[in-house]
>>> print(open('structure_8.cif').read())   # mmCIF, C-alpha atoms
data_protein
#
loop_
_atom_site.label_atom_id
_atom_site.label_comp_id
_atom_site.auth_asym_id
_atom_site.auth_seq_id
_atom_site.Cartn_x
_atom_site.Cartn_y
_atom_site.Cartn_z
CA MET A 1 142.42 72.03 18.27
CA ILE A 2 139.05 73.08 16.80
CA THR A 3 137.65 73.61 20.30
CA ARG A 4 139.42 76.97 20.54
CA ILE A 5 137.74 78.38 17.42
CA PHE A 6 134.58 76.32 16.97
CA ILE A 7 132.23 79.19 17.91
CA PRO A 8 133.65 81.52 15.21
CA ILE A 9 133.45 78.64 12.73
CA LEU A 10 129.79 77.95 13.52
CA LEU A 11 128.94 81.66 13.42
CA ALA A 12 130.68 82.03 10.07
CA ILE A 13 128.70 79.14 8.61
CA ILE A 14 125.33 80.21 9.98
CA LEU A 15 125.58 83.95 9.33
CA SER A 16 126.97 83.63 5.80
CA ASP A 17 124.36 81.05 4.83
CA THR A 18 121.58 83.19 6.29
CA TRP A 19 122.67 86.20 4.25
CA LEU A 20 123.23 84.28 1.02
CA PHE A 21 119.92 82.43 1.37
CA ARG A 22 117.93 85.60 1.94
CA ARG A 23 119.72 87.52 -0.79
CA TYR A 24 120.30 84.97 -3.55
CA VAL A 25 118.07 81.96 -2.95
CA ARG A 26 114.78 83.06 -1.45
CA ARG A 27 114.44 86.31 -3.42
CA LYS A 28 115.80 85.23 -6.79
CA SER A 29 114.55 81.71 -7.30
CA ASP A 30 111.41 79.64 -7.01
CA GLY A 31 110.21 76.07 -7.30
CA LYS A 32 112.79 73.47 -8.31
CA VAL A 33 115.50 76.08 -8.85
CA ARG A 34 115.12 77.25 -5.27
CA LYS A 35 115.37 73.69 -3.96
CA VAL A 36 118.55 73.03 -5.94
CA ARG A 37 120.16 76.30 -4.84
CA CYS A 38 119.11 75.69 -1.27
CA ALA A 39 120.65 72.21 -1.31
CA LEU A 40 123.89 73.48 -2.85
CA LEU A 41 124.08 76.20 -0.21
CA LEU A 42 123.04 74.32 2.89
CA LEU A 43 124.18 70.71 2.44
CA PRO A 44 127.93 71.42 2.63
CA SER A 45 127.31 73.69 5.61
CA LEU A 46 125.34 71.04 7.49
CA LEU A 47 128.14 68.53 6.89
CA MET A 48 130.75 71.01 8.10
CA ILE A 49 128.69 71.80 11.21
CA ALA A 50 128.40 68.08 11.99
CA ALA A 51 132.16 67.57 11.46
CA THR A 52 132.97 70.60 13.63
CA VAL A 53 130.80 69.34 16.48
CA ALA A 54 132.33 65.85 16.20
CA LEU A 55 135.84 67.29 16.51
CA VAL A 56 134.84 69.48 19.44
CA VAL A 57 133.40 66.62 21.49
CA SER A 58 136.54 64.55 20.87
CA LYS A 59 138.75 64.49 23.96
CA ASP A 60 141.97 64.64 21.97
CA PHE A 61 143.53 67.73 20.41
CA ALA A 62 143.16 66.06 17.01
CA PRO A 63 141.92 62.65 15.79
CA ARG A 64 144.44 59.83 15.56
CA ASP A 65 143.79 59.63 11.82
CA PHE A 66 145.36 62.85 10.54
CA SER A 67 143.79 62.36 7.11
CA LEU A 68 140.40 63.16 8.65
CA MET A 69 141.68 66.35 10.22
CA ASN A 70 143.46 67.38 7.02
CA ALA A 71 140.30 66.76 4.97
CA TYR A 72 138.27 68.84 7.42
CA LEU A 73 140.74 71.73 7.31
CA PHE A 74 140.89 71.60 3.52
CA PHE A 75 137.11 71.87 3.20
CA LEU A 76 137.10 74.59 5.84
CA ALA A 77 139.57 76.56 3.73
CA THR A 78 137.89 75.92 0.37
CA ILE A 79 134.20 76.09 1.35
CA VAL A 80 133.52 77.81 4.66
CA VAL A 81 136.11 80.59 4.47
CA PRO A 82 135.43 81.52 0.81
CA LYS A 83 131.68 81.50 1.37
CA THR A 84 132.04 83.65 4.48
CA MET A 85 134.25 86.16 2.68
CA TYR A 86 131.93 86.30 -0.33
CA ALA A 87 128.97 86.89 1.97
CA LEU A 88 130.88 89.64 3.79
CA CYS A 89 131.90 91.35 0.54
CA THR A 90 128.38 91.28 -0.89
CA PHE A 91 126.91 92.48 2.40
CA LEU A 92 129.30 95.43 2.55
CA GLY A 93 128.63 96.14 -1.10
CA PHE A 94 124.88 96.07 -0.42
CA LEU A 95 125.24 98.52 2.48
CA THR A 96 127.45 100.82 0.42
CA SER A 97 124.99 100.89 -2.48
CA ARG A 98 122.13 101.65 -0.10
CA ILE A 99 124.05 104.50 1.51
CA VAL A 100 125.01 105.96 -1.88
CA ARG A 101 121.43 105.65 -3.04
CA ALA A 102 120.15 107.44 0.06
CA VAL A 103 122.69 110.24 -0.22
CA THR A 104 122.23 110.82 -3.96
CA LYS A 105 118.48 110.11 -3.83
CA ARG A 106 118.71 108.00 -6.98
CA THR A 107 115.46 106.14 -7.67
CA GLN A 108 116.40 104.86 -11.11
CA HIS A 109 119.47 102.82 -11.97
CA PRO A 110 120.50 102.21 -8.32
CA PRO A 111 124.24 102.01 -7.61
CA ARG A 112 125.81 98.69 -8.55
CA ASN A 113 126.82 96.29 -5.78
CA TYR A 114 130.56 96.03 -6.45
CA GLY A 115 130.81 93.72 -3.47
CA ARG A 116 129.97 90.83 -5.79
CA ILE A 117 133.00 91.51 -7.97
CA ALA A 118 135.21 91.93 -4.91
CA GLY A 119 133.78 88.72 -3.46
CA VAL A 120 134.63 86.71 -6.59
CA ILE A 121 138.20 88.04 -6.55
CA VAL A 122 138.61 87.25 -2.85
CA VAL A 123 137.22 83.72 -3.28
CA ALA A 124 139.58 83.04 -6.19
CA ALA A 125 142.53 84.27 -4.09
CA ILE A 126 141.54 82.04 -1.14
CA TRP A 127 141.23 78.99 -3.38
CA TYR A 128 144.65 79.69 -4.87
CA VAL A 129 146.28 80.04 -1.45
CA ALA A 130 144.59 76.87 -0.14
CA VAL A 131 145.46 74.65 -3.10
CA TYR A 132 149.01 76.00 -3.56
CA GLY A 133 149.75 75.86 0.17
CA CYS A 134 148.65 72.23 0.47
CA THR A 135 150.62 71.08 -2.57
CA THR A 136 153.61 73.03 -3.89
CA GLY A 137 153.98 75.25 -0.83
CA PHE A 138 154.34 72.37 1.61
CA SER A 139 156.89 70.56 -0.55
CA GLN A 140 159.35 73.45 -0.86
CA VAL A 141 162.71 73.48 0.92
CA THR A 142 164.92 76.52 1.37
CA VAL A 143 168.40 76.84 2.87
CA ARG A 144 169.03 80.06 4.80
CA HIS A 145 172.67 81.01 5.46
CA VAL A 146 173.53 83.30 8.37
CA GLU A 147 176.67 84.24 10.28
CA TYR A 148 177.04 84.83 13.99
CA LYS A 149 180.08 86.87 14.98
CA SER A 150 181.40 86.97 18.50
CA PRO A 151 184.64 87.90 20.28
CA ASP A 152 183.89 85.09 22.75
CA LEU A 153 184.18 82.35 20.13
CA PRO A 154 187.34 80.25 20.61
CA ALA A 155 189.81 80.53 17.75
CA SER A 156 189.58 76.83 16.87
CA PHE A 157 185.86 77.24 16.11
CA ASP A 158 186.20 80.14 13.70
CA GLY A 159 184.17 79.04 10.64
CA TYR A 160 182.35 76.30 12.54
CA ARG A 161 179.14 75.34 10.66
CA ILE A 162 175.92 74.38 12.42
CA VAL A 163 172.80 73.20 10.61
CA HIS A 164 169.70 74.18 12.55
CA PHE A 165 166.31 72.65 11.78
CA SER A 166 163.14 72.53 13.80
CA ASP A 167 159.52 71.40 13.98
CA ALA A 168 159.72 68.27 11.85
CA HIS A 169 156.22 67.01 12.82
CA VAL A 170 156.99 63.68 11.16
CA GLY A 171 153.45 62.41 11.80
CA THR A 172 152.36 64.60 8.90
CA TYR A 173 154.64 62.73 6.49
CA ASP A 174 152.47 59.78 5.54
CA ALA A 175 153.41 57.37 2.75
CA SER A 176 152.59 59.92 0.05
CA ARG A 177 154.85 62.53 1.69
CA GLN A 178 157.71 60.32 2.87
CA HIS A 179 159.84 61.51 -0.04
CA LEU A 180 159.57 65.08 1.28
CA LEU A 181 161.09 64.10 4.61
CA GLN A 182 163.88 62.27 2.76
CA GLN A 183 164.42 65.42 0.71
CA PHE A 184 164.90 67.44 3.89
CA VAL A 185 167.35 64.96 5.37
CA ASP A 186 169.34 64.84 2.13
CA SER A 187 169.47 68.64 2.04
CA ILE A 188 170.72 68.77 5.63
CA ASN A 189 173.43 66.20 4.99
CA ALA A 190 174.47 68.05 1.83
CA GLN A 191 175.53 71.03 3.98
CA CYS A 192 178.45 68.99 5.42
CA ALA A 193 177.90 70.48 8.87
CA ASP A 194 180.20 70.32 11.85
CA ALA A 195 177.11 69.84 14.00
CA ILE A 196 173.37 69.45 13.45
CA VAL A 197 170.86 70.74 15.99
CA PHE A 198 167.13 70.09 16.17
CA THR A 199 165.01 72.38 18.32
CA GLY A 200 161.94 70.29 19.04
CA ASP A 201 158.53 69.07 17.86
CA LEU A 202 159.63 65.82 16.26
CA GLN A 203 156.11 64.40 16.41
CA ASN A 204 152.52 65.64 16.29
CA ARG A 205 150.92 63.67 19.11
CA GLU A 206 152.69 60.45 20.05
CA PRO A 207 155.93 58.51 19.43
CA GLN A 208 154.26 55.91 17.21
CA GLU A 209 154.45 58.50 14.42
CA ILE A 210 158.25 58.32 14.51
CA TYR A 211 158.59 54.57 13.85
CA PRO A 212 158.14 54.69 10.03
CA HIS A 213 160.81 57.39 9.78
CA LEU A 214 163.52 55.97 12.04
CA LYS A 215 165.79 54.92 9.19
CA THR A 216 165.49 58.29 7.45
CA LEU A 217 166.12 60.35 10.59
CA SER A 218 168.97 58.08 11.69
CA SER A 219 170.82 58.92 8.47
CA LEU A 220 171.56 62.51 9.57
CA ARG A 221 175.33 62.97 9.70
CA ALA A 222 177.65 65.67 11.07
CA VAL A 223 181.25 65.70 12.25
CA ASP A 224 180.32 66.36 15.88
CA GLY A 225 176.90 64.69 15.82
CA VAL A 226 173.24 65.64 16.11
CA TYR A 227 171.85 67.43 19.16
CA SER A 228 168.19 67.88 20.03
CA VAL A 229 165.71 69.18 22.59
CA LEU A 230 162.03 68.51 23.14
CA GLY A 231 159.19 70.73 21.93
CA ASN A 232 155.63 71.08 23.19
CA HIS A 233 154.36 68.40 20.76
CA ASP A 234 156.92 65.92 22.10
CA TYR A 235 154.94 65.66 25.31
CA SER A 236 151.51 64.08 25.79
CA ASN A 237 149.57 67.34 25.91
CA TYR A 238 147.65 66.56 22.75
CA ILE A 239 146.15 63.19 23.64
CA HIS A 240 143.61 62.22 26.27
CA ALA A 241 145.26 59.42 28.24
CA ASP A 242 145.98 58.35 31.81
CA PRO A 243 149.17 59.67 33.46
CA SER A 244 151.06 56.40 33.12
CA THR A 245 150.43 56.30 29.36
CA CYS A 246 151.55 59.91 29.00
CA VAL A 247 154.78 59.24 30.89
CA ALA A 248 155.43 56.10 28.83
CA ASN A 249 154.89 58.03 25.59
CA GLU A 250 157.29 60.79 26.61
CA ARG A 251 159.96 58.28 27.59
CA GLU A 252 159.49 56.47 24.29
CA THR A 253 159.98 59.69 22.32
CA MET A 254 163.22 60.31 24.21
CA ARG A 255 164.35 56.72 23.66
CA LEU A 256 163.71 56.94 19.94
CA GLU A 257 165.75 60.14 19.58
CA LYS A 258 168.65 58.47 21.34
CA GLN A 259 168.19 55.33 19.23
CA MET A 260 168.60 57.47 16.12
CA GLY A 261 172.02 58.52 17.40
CA TRP A 262 170.94 61.98 18.48
CA THR A 263 172.23 63.54 21.69
CA LEU A 264 169.04 64.58 23.46
CA LEU A 265 169.58 67.40 25.95
CA VAL A 266 166.91 67.78 28.64
CA ASN A 267 168.12 70.62 30.87
CA ASP A 268 171.63 69.41 30.16
CA HIS A 269 174.68 70.32 28.12
CA HIS A 270 177.48 68.80 26.07
CA SER A 271 180.95 70.13 25.31
CA ILE A 272 182.57 69.97 21.88
CA CYS A 273 186.36 70.18 21.82
CA ARG A 274 188.75 71.34 19.10
CA ALA A 275 192.47 71.46 19.90
CA ASN A 276 192.63 73.19 23.29
CA ASP A 277 189.33 75.02 22.80
CA SER A 278 185.73 74.05 23.43
CA ILE A 279 182.18 75.29 23.04
CA VAL A 280 179.07 74.18 24.88
CA ILE A 281 175.85 72.95 23.28
CA ALA A 282 173.20 73.38 25.99
CA GLY A 283 169.63 72.16 25.72
CA MET A 284 166.74 73.42 27.83
CA ASP A 285 163.52 71.51 28.24
CA ASN A 286 160.54 73.19 26.55
CA ASP A 287 159.75 76.45 28.28
CA GLY A 288 156.49 77.96 27.07
CA ASP A 289 153.85 80.02 28.83
CA GLY A 290 152.96 77.25 31.29
CA VAL A 291 149.31 77.40 30.20
CA HIS A 292 149.10 76.22 26.61
CA PHE A 293 152.69 74.99 26.38
CA PRO A 294 154.83 73.14 28.95
CA GLN A 295 157.14 75.28 31.08
CA LYS A 296 159.92 72.92 32.14
CA GLY A 297 163.12 74.75 31.24
CA LYS A 298 165.69 75.32 33.98
CA VAL A 299 168.63 77.49 33.00
CA THR A 300 170.63 76.83 36.19
CA THR A 301 170.30 73.05 35.83
CA THR A 302 171.08 73.20 32.12
CA LEU A 303 174.34 75.11 32.66
CA LYS A 304 175.42 73.49 35.92
CA GLY A 305 179.21 73.23 35.92
CA VAL A 306 179.67 75.40 32.81
CA ASP A 307 182.28 78.14 33.12
CA SER A 308 180.75 81.61 32.98
CA LYS A 309 183.22 82.55 30.23
CA ALA A 310 182.38 79.56 28.02
CA PHE A 311 180.89 80.05 24.57
CA VAL A 312 177.39 78.62 24.89
CA ILE A 313 174.89 77.75 22.19
CA MET A 314 171.51 77.30 23.87
CA LEU A 315 168.83 75.12 22.29
CA GLN A 316 165.27 76.00 23.34
CA HIS A 317 162.13 75.18 21.41
CA ASP A 318 160.08 78.20 22.49
CA PRO A 319 161.65 81.57 21.55
CA THR A 320 159.72 83.42 24.28
CA ALA A 321 162.09 81.84 26.81
CA TRP A 322 164.97 83.88 25.36
CA ARG A 323 163.91 87.18 26.90
CA ARG A 324 162.06 85.57 29.79
CA LYS A 325 164.83 83.30 31.11
CA ILE A 326 167.90 82.87 28.90
CA LEU A 327 169.00 86.50 28.66
CA PRO A 328 168.57 87.36 32.35
CA GLU A 329 169.70 84.02 33.80
CA SER A 330 172.64 83.03 31.60
CA ASN A 331 175.51 84.26 29.47
CA ALA A 332 174.55 82.09 26.47
CA GLN A 333 175.77 83.98 23.42
CA LEU A 334 173.59 82.28 20.80
CA THR A 335 170.15 80.72 21.24
CA LEU A 336 168.46 78.53 18.63
CA SER A 337 164.68 78.08 18.65
CA GLY A 338 161.66 77.17 16.52
CA HIS A 339 158.01 76.74 17.49
CA THR A 340 156.42 79.66 15.62
CA HIS A 341 156.41 78.17 12.07
CA ALA A 342 155.83 81.84 11.05
CA MET A 343 152.23 80.58 11.17
CA GLN A 344 153.11 78.77 7.88
CA PHE A 345 151.68 81.78 6.07
CA ALA A 346 153.18 85.01 4.79
CA ILE A 347 152.45 87.54 2.05
CA PHE A 348 155.39 89.56 0.70
CA GLY A 349 157.39 88.56 3.77
CA TRP A 350 154.76 89.65 6.29
CA SER A 351 153.25 87.04 8.59
CA PRO A 352 150.45 87.48 11.15
CA ILE A 353 152.74 85.78 13.66
CA ARG A 354 154.42 89.18 14.10
CA LEU A 355 151.38 90.17 16.17
CA ILE A 356 152.11 87.39 18.67
CA TYR A 357 155.88 86.90 18.83
CA SER A 358 158.59 89.56 18.83
CA GLU A 359 161.14 86.95 17.68
CA TRP A 360 159.35 84.73 15.18
CA GLY A 361 161.65 83.91 12.25
CA GLY A 362 165.25 84.83 11.48
CA MET A 363 168.12 86.22 13.54
CA PHE A 364 167.45 88.74 16.31
CA TYR A 365 170.00 90.54 18.47
CA GLU A 366 170.16 91.97 21.97
CA GLY A 367 173.54 93.63 22.07
CA SER A 368 176.11 90.99 21.13
CA ARG A 369 173.77 88.12 22.00
CA ALA A 370 171.40 86.64 19.45
CA ILE A 371 168.60 84.19 18.83
CA ASN A 372 167.90 82.42 15.57
CA VAL A 373 164.28 81.32 15.19
CA SER A 374 163.69 78.72 12.51
CA THR A 375 160.32 78.87 10.77
CA GLY A 376 160.33 75.10 10.78
CA MET A 377 160.59 72.14 8.49
CA GLY A 378 157.09 70.67 8.45
CA GLY A 379 153.90 71.30 10.33
CA PHE A 380 151.00 69.71 12.16
CA ILE A 381 148.92 70.85 9.19
CA PRO A 382 150.41 70.09 5.72
CA PHE A 383 150.16 73.65 4.48
CA ARG A 384 152.69 76.43 3.82
CA PHE A 385 152.23 79.60 1.82
CA GLY A 386 155.04 82.11 1.56
CA VAL A 387 156.94 80.27 4.31
CA PRO A 388 158.73 77.25 2.81
CA GLY A 389 160.22 74.64 5.06
CA GLU A 390 163.69 75.82 5.99
CA ILE A 391 167.12 74.59 6.91
CA VAL A 392 169.42 77.16 8.52
CA VAL A 393 173.19 77.01 8.09
CA ILE A 394 174.86 79.08 10.81
CA THR A 395 178.55 79.87 10.44
CA LEU A 396 180.32 80.99 13.60
CA LYS A 397 182.88 83.75 13.15
CA ARG A 398 185.44 84.97 15.66
CA ILE A 399 186.06 88.71 15.76
CA LYS A 400 188.38 90.77 17.96
CA GLU A 401 185.71 93.12 19.11
CA LEU A 402 182.19 94.14 18.16
CA LYS A 403 181.80 97.31 16.17
CA ASP A 404 179.41 99.95 17.46
#
>>> encode(input="structure_8.cif", output="structure tokens")
Amino acid sequence: MITRIFIPILLAIILSDTWLFRRYVRRKSDGKVRKVRCALLLLPSLLMIAATVALVVSKDFAPRDFSLMNAYLFFLATIVVPKTMYALCTFLGFLTSRIVRAVTKRTQHPPRNYGRIAGVIVVAAIWYVAVYGCTTGFSQVTVRHVEYKSPDLPASFDGYRIVHFSDAHVGTYDASRQHLLQQFVDSINAQCADAIVFTGDLQNREPQEIYPHLKTLSSLRAVDGVYSVLGNHDYSNYIHADPSTCVANERETMRLEKQMGWTLLVNDHHSICRANDSIVIAGMDNDGDGVHFPQKGKVTTTLKGVDSKAFVIMLQHDPTAWRRKILPESNAQLTLSGHTHAMQFAIFGWSPIRLIYSEWGGMFYEGSRAINVSTGMGGFIPFRFGVPGEIVVITLKRIKELKD
């Protein structure tokens, strides 16, 4: 995980410390004061450099003990990032004051470095985001209600309610957070759904994380059952193991989902009948970019034997598969996805994930066809700011024809 960004992390530590040392330690202190300031500046950085290198040389995506990774990320967010931003603000303030001084030719009372004030404000904001996101932000639950209207919906399913949740990442719910997972399950059951669907990423790394939560997850209830698909984290991509171990882990994850009473769909489908009508819940295997995320989805296999006029709800973890495969290769009216988490960060409704995904959170339409992307329930990292864990209640509505 850290391997992808370890160079920027090391550069941030080294460059910010170099600037702060030259500007505020070497020039403005001496003797014992300098030693104390130097220790306060450099000791945390040396520890973070050592921790970063240790994580990089690890063969796994993340250590088995998630508490170590969470501690590292917390200190990264509360020490390295604030220090880097303060250094950047003071550096820009220093340059600005020098430029103003040169232009105005002021030799007395040189322009003030307002970068220090800006730096303090930025640091305070970062600390607030980090602490809030790791505590209150991660414990919040929101229920989003949406309607999907279609002339293809059979009459017997008018008003049919589906609860969609995604990206549980139950490995993050240790003993101190178990009550949060129970809170999510209780909220889902409280919706009295006709069907519950889960669109992947049940675990972080391996199926052993699911064992402590089997009872809680098995308590999900809906009239027509619980349906699920696999996400990228449900494979063995994030551990360094021999092929046989990887295969065994993936089979165990599938077995556990079935043991919980869920209907796991791996390039397969299931029909739900009401009176003389029916709809199809189809589930594609994870279909990502094939480089960072598994690309295993097969639309033709998933819908084999399904009538072309059937009303199909497609479950697919990765929303990029909607435009890449589902729209051109099927007639699925509604697709349900997750994966993006909205980066678990947003300010006033804007998330940086918009720069990566065109469909990242909410309902999106292409003509009469739509995709709902859940911003997820949990996360590999126990942090959420501006993007609370969500449960989506989708009500299907039959209409005679779509309005222009």
>>> closest_residue(input="structure_8.cif", among="A:Asp201, A:Asp289, A:Glu209, A:Glu401", to="Asp234 in chain A", atoms="all atoms listed in the file")
A:Asp201
>>> closest_residue(input="structure_8.cif", among="A:Val120, A:Ile239, A:Ile14, A:Ala155", to="Asn276 in chain A", atoms="all atoms listed in the file")
A:Ala155
>>> resolve_selection(input="structure_8.cif", expression="the PyMOL selection byres ((chain A and resi 159-171) around 6)", output="ChimeraX atom specification")
/A:157-158,172-173,193-204,209,338,376-380,391-397
>>> write_last_selection(input="structure_8.cif", atoms="C-alpha atoms", output="short mmCIF file (atom, residue, chain, number, x, y, z; two decimals), in the coordinates of the input")
data_model
loop_
_atom_site.label_atom_id
_atom_site.label_comp_id
_atom_site.auth_asym_id
_atom_site.auth_seq_id
_atom_site.Cartn_x
_atom_site.Cartn_y
_atom_site.Cartn_z
CA PHE A 157 185.86 77.24 16.11
CA ASP A 158 186.20 80.14 13.70
CA THR A 172 152.36 64.60 8.90
CA TYR A 173 154.64 62.73 6.49
CA ALA A 193 177.90 70.48 8.87
CA ASP A 194 180.20 70.32 11.85
CA ALA A 195 177.11 69.84 14.00
CA ILE A 196 173.37 69.45 13.45
CA VAL A 197 170.86 70.74 15.99
CA PHE A 198 167.13 70.09 16.17
CA THR A 199 165.01 72.38 18.32
CA GLY A 200 161.94 70.29 19.04
CA ASP A 201 158.53 69.07 17.86
CA LEU A 202 159.63 65.82 16.26
CA GLN A 203 156.11 64.40 16.41
CA ASN A 204 152.52 65.64 16.29
CA GLU A 209 154.45 58.50 14.42
CA GLY A 338 161.66 77.17 16.52
CA GLY A 376 160.33 75.10 10.78
CA MET A 377 160.59 72.14 8.49
CA GLY A 378 157.09 70.67 8.45
CA GLY A 379 153.90 71.30 10.33
CA PHE A 380 151.00 69.71 12.16
CA ILE A 391 167.12 74.59 6.91
CA VAL A 392 169.42 77.16 8.52
CA VAL A 393 173.19 77.01 8.09
CA ILE A 394 174.86 79.08 10.81
CA THR A 395 178.55 79.87 10.44
CA LEU A 396 180.32 80.99 13.60
CA LYS A 397 182.88 83.75 13.15
#
>>> atom_distance(input="structure_8.cif", atom1="CA of Pro151 in chain A", atom2="CA of Glu390 in chain A")
28.1 Å
>>> atom_distance(input="structure_8.cif", atom1="CA of Leu10 in chain A", atom2="CA of Ile49 in chain A")
6.7 Å
>>> residues_around(input="structure_8.cif", residues="range 30-41 of chain A", least_positions_apart="5", cutoff="9 Å", atoms="all atoms listed in the file", output="PyMOL selection string")
chain A and resi 17+20-21+24-25
>>> resolve_selection(input="structure_8.cif", expression="the PyMOL selection byres ((chain A and resi 126) around 10)", output="list in words")
Ala77, Thr78, Ile79, Val81, Pro82, Met85, Val120, Ile121, Val122, Val123, Ala124, Ala125, Trp127, Tyr128, Val129, Ala130, Val131 and Tyr132 of chain A
